[in-house]
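A.B. asks: My structure is below; once you've seen it, I'll send some questions.
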Amino acid sequence: MEIVIKSAKEGIITIDRLTEAELEALAEIRSKQWADVLEAEYGDPLAESLACLKKRREVWPEGQLVLYNSRPEGAIHGLRVNSYTEDFTEELFRDWHTLTGMGKYTTHRPDGNTLVCPEVYSAAKGGGKELVLAALRLARDGKGIKRAIVYTRPFVAQFLKDDGIDYQAYMEAVREKRHSDPLGMHLSLGAQFVRFVKGGRPADKKTAGYTAILEYKI
């Protein structure tokens with residue numbers, strides 16, 4: 001079933017509605033916001049971003065939601081996978097590259113029971129929240145989707161201790177808005193922290209190589 005979310009108020013469209021020039025503009029936004037990680041992993045953030053977006057458009061266009069106001073201003077990217085464990089402990093979730101098929105979303109399963117959003121980025125203020133809410137509507141309307149998670153970047157580098165992350169100090173700083181972090185947005189929207197993934201994205205210095213899984217109730 002094709003799910004298209006579009007309204008004049010929300011400005012959310014699917015990626016297949018973009019022209020090639022607009023797709024390139026979206027790739028530029030992504031490449032700038034992920035520049036440090038993408039450069040370490042691939043060398044050319046813009047070329048890698050454009051290749052990934054083209055492949056995601058081919059694999060599952062309705063899962064690639066774009067914030068559009070006269071031009072693309074950001075996106076949230078989703079794929080469907082199957083998970084049967086409480087804390088998403090399958091091998092698929094061991095790192096970002098395994099989960100996303102090196103960013104190309106070749107791991108997408110059309111009948112997957114879980115919507116995973118490994119990326120959200122926006123050049124517009126408040127755009128991230130708008131995109132997450134659109135993805136949640138997609139999950140709720142999608143036949144067979146039982147769970148929805150984000151696989152995101154926790155900026156934990158300054159909260160490391162000998163045996164891992166100082167979880168209490170980190171979460172208190174995020175919740176009290178003393179520490180700017182992607183988790184703050186998700187927690188404010190009602191997501192529940194599931195777990196950290198050590199080595200989830202080794203090249204990401206801001207996260208000390210960790211990723212985090214948070215689940216939204218749908």
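How things are named: the first chain in the structure tokens is A, the next is B, and so on; residues count from 1 in each chain; ligands count from 1 in the order shown.
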So which residues touch Ile76 of chain A within 12 Å, counting only C-alpha atoms, skipping near sequence neighbours fewer than 5 positions away, as JSON, numbers by chain?
C.D. replies: {"A": [12, 13, 14, 15, 26, 30, 53, 56, 61, 62, 63, 64, 65, 66, 67, 68, 115, 116, 117, 118, 119, 120, 121, 122, 127, 128, 129, 130, 131, 132, 133, 134, 135, 136, 138, 150, 151, 152]}
A.B. asks: Please return, as a PDB file with C-alpha atoms, in the first residue's frame, all residues of segment 13-206 of chain A that DSSP assigns to strand (DSSP E or B) on the basis of the backbone.
C.D. replies:
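Here's the written file out.pdb:
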ATOM      1  CA  ILE A  13       6.141  15.045   0.578  1.00  0.00           C
ATOM      2  CA  THR A  14       7.738  11.774  -0.462  1.00  0.00           C
ATOM      3  CA  GLN A  64      11.582   8.828   2.591  1.00  0.00           C
ATOM      4  CA  LEU A  65       9.718  11.905   3.831  1.00  0.00           C
ATOM      5  CA  VAL A  66      10.904  15.359   2.858  1.00  0.00           C
ATOM      6  CA  LEU A  67      10.152  18.675   4.531  1.00  0.00           C
ATOM      7  CA  TYR A  68       9.334  20.903   1.582  1.00  0.00           C
ATOM      8  CA  PRO A  72      13.595  20.760   0.313  1.00  0.00           C
ATOM      9  CA  GLU A  73      14.580  21.712   3.857  1.00  0.00           C
ATOM     10  CA  GLY A  74      15.229  18.329   5.430  1.00  0.00           C
ATOM     11  CA  ALA A  75      14.141  14.713   5.547  1.00  0.00           C
ATOM     12  CA  ILE A  76      13.525  11.671   7.673  1.00  0.00           C
ATOM     13  CA  HIS A  77      14.447   8.359   6.134  1.00  0.00           C
ATOM     14  CA  GLY A  78      12.747   5.106   7.031  1.00  0.00           C
ATOM     15  CA  LEU A  79      12.924   1.433   6.194  1.00  0.00           C
ATOM     16  CA  ARG A  80      10.994  -1.606   7.331  1.00  0.00           C
ATOM     17  CA  VAL A  81      12.732  -4.560   8.966  1.00  0.00           C
ATOM     18  CA  THR A 114       9.227  -2.499  12.451  1.00  0.00           C
ATOM     19  CA  LEU A 115       9.709   0.966  11.015  1.00  0.00           C
ATOM     20  CA  VAL A 116      13.271   2.140  11.603  1.00  0.00           C
ATOM     21  CA  CYS A 117      14.345   5.746  11.066  1.00  0.00           C
ATOM     22  CA  PRO A 118      18.158   5.919  11.092  1.00  0.00           C
ATOM     23  CA  GLU A 119      18.315   9.539   9.912  1.00  0.00           C
ATOM     24  CA  VAL A 120      16.507  12.817  10.395  1.00  0.00           C
ATOM     25  CA  TYR A 121      18.019  16.162   9.448  1.00  0.00           C
ATOM     26  CA  SER A 122      16.645  19.617   8.785  1.00  0.00           C
ATOM     27  CA  ARG A 147       6.753  -0.961  16.227  1.00  0.00           C
ATOM     28  CA  ALA A 148       8.637   2.241  15.372  1.00  0.00           C
ATOM     29  CA  ILE A 149      12.171   3.130  16.413  1.00  0.00           C
ATOM     30  CA  VAL A 150      14.873   5.664  15.739  1.00  0.00           C
ATOM     31  CA  TYR A 151      18.492   4.586  15.485  1.00  0.00           C
ATOM     32  CA  THR A 152      20.151   7.846  16.371  1.00  0.00           C
ATOM     33  CA  LEU A 160      32.344   8.383  29.079  1.00  0.00           C
ATOM     34  CA  LYS A 161      33.861   6.601  32.038  1.00  0.00           C
ATOM     35  CA  GLY A 164      31.144   2.845  29.427  1.00  0.00           C
ATOM     36  CA  ILE A 165      28.680   5.747  29.486  1.00  0.00           C
ATOM     37  CA  GLN A 192      11.403   5.701  25.240  1.00  0.00           C
ATOM     38  CA  PHE A 193      15.114   4.976  25.517  1.00  0.00           C
ATOM     39  CA  VAL A 194      15.879   1.317  24.738  1.00  0.00           C
ATOM     40  CA  ARG A 195      19.655   0.952  24.736  1.00  0.00           C
ATOM     41  CA  PHE A 196      23.015   2.212  23.546  1.00  0.00           C
ATOM     42  CA  VAL A 197      24.856   0.306  20.826  1.00  0.00           C
TER      43      VAL A 197
END
A.B. asks: Need the shell around segment 171-175 of chain A: protein/DNA/RNA residues with any atom at most 10 Å away, counting only C-alpha atoms. Skip same-chain ones fewer than 2 positions apart. Format as an NGL selection string?
C.D. replies: :A and (154-156 or 159 or 166-169 or 177-185 or 187-188 or 193)
A.B. asks: Residues of segment 141-211 of chain A classed as alpha helix (DSSP H) by DSSP on the backbone are to be reported as a list in words.
C.D. replies: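 Residues of segment 141-211 of chain A classed as alpha helix (DSSP H): Asp141, Tyr167, Gln168, Ala169, Tyr170, Met171, Glu172, Ala173, Val174, Arg175, Pro182, Leu183, Gly184, Met185, His186, Leu187 and Ser188 of chain A.
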A.B. asks: Mind checking which residues fall within 6 Å of segment 92-106 of chain A, counting only C-alpha atoms, ignoring those fewer than 5 positions away in the same chain, and posting them as a PyMOL selection string?
C.D. replies: chain A and resi 52+55-56+200-201
A.B. asks: Hey, what's within 12 Å of Ala35 of chain A if we count only C-alpha atoms and toss same-chain stuff fewer than 3 positions away? As a PyMOL selection string, please?
C.D. replies: chain A and resi 27-32+38-49+203-206
A.B. asks: Limited to N, CA and C atoms, could you put the picked residues into a file as a PDB file, in the first residue's frame?
C.D. replies:
ATOM      1  N   ALA A  27      20.508  16.418  -0.869  1.00  0.00           N
ATOM      2  CA  ALA A  27      21.781  15.738  -0.608  1.00  0.00           C
ATOM      3  C   ALA A  27      22.803  16.701  -0.012  1.00  0.00           C
ATOM      4  N   GLU A  28      22.758  17.951  -0.445  1.00  0.00           N
ATOM      5  CA  GLU A  28      23.687  18.943   0.095  1.00  0.00           C
ATOM      6  C   GLU A  28      23.398  19.230   1.567  1.00  0.00           C
ATOM      7  N   ILE A  29      22.103  19.300   1.920  1.00  0.00           N
ATOM      8  CA  ILE A  29      21.748  19.500   3.327  1.00  0.00           C
ATOM      9  C   ILE A  29      22.249  18.336   4.167  1.00  0.00           C
ATOM     10  N   ARG A  30      21.993  17.134   3.694  1.00  0.00           N
ATOM     11  CA  ARG A  30      22.447  15.939   4.429  1.00  0.00           C
ATOM     12  C   ARG A  30      23.967  15.924   4.564  1.00  0.00           C
ATOM     13  N   SER A  31      24.658  16.225   3.482  1.00  0.00           N
ATOM     14  CA  SER A  31      26.118  16.139   3.504  1.00  0.00           C
ATOM     15  C   SER A  31      26.729  17.150   4.470  1.00  0.00           C
ATOM     16  N   LYS A  32      26.099  18.313   4.625  1.00  0.00           N
ATOM     17  CA  LYS A  32      26.616  19.316   5.552  1.00  0.00           C
ATOM     18  C   LYS A  32      26.362  18.920   6.997  1.00  0.00           C
ATOM     19  N   LEU A  38      30.542  11.398   7.472  1.00  0.00           N
ATOM     20  CA  LEU A  38      30.584  10.922   6.087  1.00  0.00           C
ATOM     21  C   LEU A  38      31.965  11.078   5.474  1.00  0.00           C
ATOM     22  N   GLU A  39      32.655  12.156   5.816  1.00  0.00           N
ATOM     23  CA  GLU A  39      34.003  12.347   5.286  1.00  0.00           C
ATOM     24  C   GLU A  39      34.946  11.267   5.815  1.00  0.00           C
ATOM     25  N   ALA A  40      34.796  10.928   7.086  1.00  0.00           N
ATOM     26  CA  ALA A  40      35.645   9.886   7.665  1.00  0.00           C
ATOM     27  C   ALA A  40      35.348   8.518   7.056  1.00  0.00           C
ATOM     28  N   GLU A  41      34.086   8.282   6.720  1.00  0.00           N
ATOM     29  CA  GLU A  41      33.692   6.973   6.210  1.00  0.00           C
ATOM     30  C   GLU A  41      33.865   6.825   4.703  1.00  0.00           C
ATOM     31  N   TYR A  42      33.572   7.900   3.959  1.00  0.00           N
ATOM     32  CA  TYR A  42      33.511   7.771   2.502  1.00  0.00           C
ATOM     33  C   TYR A  42      34.402   8.753   1.742  1.00  0.00           C
ATOM     34  N   GLY A  43      34.838   9.818   2.391  1.00  0.00           N
ATOM     35  CA  GLY A  43      35.714  10.770   1.722  1.00  0.00           C
ATOM     36  C   GLY A  43      35.006  11.943   1.071  1.00  0.00           C
ATOM     37  N   ASP A  44      33.859  11.696   0.439  1.00  0.00           N
ATOM     38  CA  ASP A  44      33.126  12.743  -0.267  1.00  0.00           C
ATOM     39  C   ASP A  44      31.678  12.743   0.217  1.00  0.00           C
ATOM     40  N   PRO A  45      31.346  13.558   1.217  1.00  0.00           N
ATOM     41  CA  PRO A  45      29.999  13.543   1.795  1.00  0.00           C
ATOM     42  C   PRO A  45      28.885  13.816   0.790  1.00  0.00           C
ATOM     43  N   LEU A  46      29.101  14.741  -0.139  1.00  0.00           N
ATOM     44  CA  LEU A  46      28.041  15.092  -1.080  1.00  0.00           C
ATOM     45  C   LEU A  46      27.770  13.965  -2.067  1.00  0.00           C
ATOM     46  N   ALA A  47      28.814  13.386  -2.626  1.00  0.00           N
ATOM     47  CA  ALA A  47      28.632  12.283  -3.578  1.00  0.00           C
ATOM     48  C   ALA A  47      27.976  11.083  -2.908  1.00  0.00           C
ATOM     49  N   GLU A  48      28.412  10.792  -1.666  1.00  0.00           N
ATOM     50  CA  GLU A  48      27.819   9.655  -0.947  1.00  0.00           C
ATOM     51  C   GLU A  48      26.362   9.929  -0.631  1.00  0.00           C
ATOM     52  N   SER A  49      26.043  11.150  -0.233  1.00  0.00           N
ATOM     53  CA  SER A  49      24.660  11.503   0.099  1.00  0.00           C
ATOM     54  C   SER A  49      23.750  11.359  -1.110  1.00  0.00           C
ATOM     55  N   ALA A 203      33.030   5.758  13.272  1.00  0.00           N
ATOM     56  CA  ALA A 203      33.655   6.977  12.762  1.00  0.00           C
ATOM     57  C   ALA A 203      33.064   8.251  13.362  1.00  0.00           C
ATOM     58  N   ASP A 204      32.001   8.124  14.125  1.00  0.00           N
ATOM     59  CA  ASP A 204      31.322   9.293  14.677  1.00  0.00           C
ATOM     60  C   ASP A 204      31.995   9.711  15.988  1.00  0.00           C
ATOM     61  N   LYS A 205      32.811  10.727  15.931  1.00  0.00           N
ATOM     62  CA  LYS A 205      33.559  11.159  17.115  1.00  0.00           C
ATOM     63  C   LYS A 205      32.659  11.820  18.161  1.00  0.00           C
ATOM     64  N   LYS A 206      31.594  12.491  17.722  1.00  0.00           N
ATOM     65  CA  LYS A 206      30.699  13.149  18.671  1.00  0.00           C
ATOM     66  C   LYS A 206      29.996  12.144  19.575  1.00  0.00           C
TER      67      LYS A 206
END
A.B. asks: Kindly give the distance, in Å, that separates atom CA of Asp111 of chain A and atom CA of Gly11 of chain A, rounded to a single decimal.
C.D. replies: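 Those two atoms sit 27.2 Å apart.
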A.B. asks: Which residue is closest to Arg71 of chain A? Choose from A:Gln158, A:Arg17, A:Lys143, A:Thr211 and count only C-alpha atoms.
C.D. replies: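 Checking each of A:Gln158, A:Arg17, A:Lys143, A:Thr211 against Arg71 of chain A, counting only C-alpha atoms, the winner is A:Arg17.
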A.B. asks: Could you tell me which of A:Ala208, A:Thr89, A:Asn113, A:Gly126 comes closest to Ala139 of chain A if we count only C-alpha atoms?
C.D. replies: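 Result for the nearest residue to Ala139 of chain A: A:Asn113.
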A.B. asks: Which of these, A:Ala157, A:Ile145, A:Ala51, A:Val37, has the shortest distance to Glu24 of chain A once you count only C-alpha atoms?
C.D. replies: A:Ala51
A.B. asks: When you draw a straight line from atom CA of Thr107 of chain A to atom CA of Trp60 of chain A, how long is it in Å?
C.D. replies: 10.8 Å
